[in-house]
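Structure first, then comments.
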Amino acid sequence: MLRQDSSDDIEDVSLFDADDDVSRRSKKSKIRHPVASFFHLFFRVSAIVVYLLCELLTSSFIACMVTIILLLSCDFWTVKNVTGRLMVGLRWWNQVDDDGRSHWLFEARKGSKTSSEAESRIFWLGLISCPMIWVIFAFSALFSFKVKWLAVVVMGVVLQGANLYGYIRCKVGSRKNLTSMATSYLGKQFLRQAVAKEDQPAS
């Protein structure tokens, strides 16, 4: 059952779940949705490959630009509406109410911690690495004065960055949650070091 929430108390869904039970770990290592896993990477990797090889394949800038934008658009829709729900049990979208106010809504499926670890790795590695590659392309186009390609790489950064932002919000919630997580972690580390110093015998 899907739980919808637009507030800060979003259900935590771990990226890489480790299971102590060997039999359950073997089940989690299997890819349950091979088609979704394939298309999660296919469109975004294809857009990168076309961008890198387009000048070798054709001299038409318009054809290259249209192809890349179509691949990026297909990737955006697929990741936002299909692969996120199937592979990690997450979904996000933006909704405008009757007053014209925009609301970001997030869903986390209960029991998603039992999802395949292999699919989770594929999902998050693809989701994080590809926007970083487009950011590198943006700086490369800017510093090499390839102004005509800036619109294409900015489109790649925006579309894939939007999916990355949405799923990170699904995972960790708002900035308040990020701050509380960081504070809790630092507090635990400080307490652990203090206890370790007390346990050390005086020389």
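By convention here, the chains of the structure tokens are called A, B, ... in the order presented, each chain's residues are numbered starting at 1, and ligands are numbered starting at 1 in the order presented.
Excluding Arg44 (chain A) and any residue on its chain fewer than 3 positions from it, the residues at most 6 Å away by only C-alpha atoms are Leu41, Ala47 and Asp75 of chain A.
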Worksheet item: Leaving out Ala138 (chain A) and any residue of its chain fewer than 6 positions from it, which residues lie within 9 Å of it when counting only C-alpha atoms, given as a PyMOL selection string?
Response: chain A and resi 149-150+152-154+157
Fill in: Selection near Ala162 (chain A), 12 Å with only C-alpha atoms, sequence-local residues under 5 positions removed, as a list in words
Leu72, Ser73, Asp75, Phe76, Trp77, Val79, Lys80, Trp92, Trp93, Asn94, Trp104, Leu127, Ile128, Pro131, Val154, Met155, Gly156, Val157, Tyr167, Ile168 and Arg169 of chain A
Fill in: Residues within 12 Å of Phe39 (chain A), only C-alpha atoms, excluding chain neighbours under 2 positions, as a VMD selection string
chain A and resid 33 to 37 41 to 46 71 74 to 79 82 to 84 86 to 87 122 to 123 126
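One distance worth recording is that between CA of Leu53 (chain A) and CA of Gly161 (chain A), which is 22.7 Å.
Pairwise distance (CA of Arg109 (chain A), CA of Asp97 (chain A)) equals 23.8 Å.
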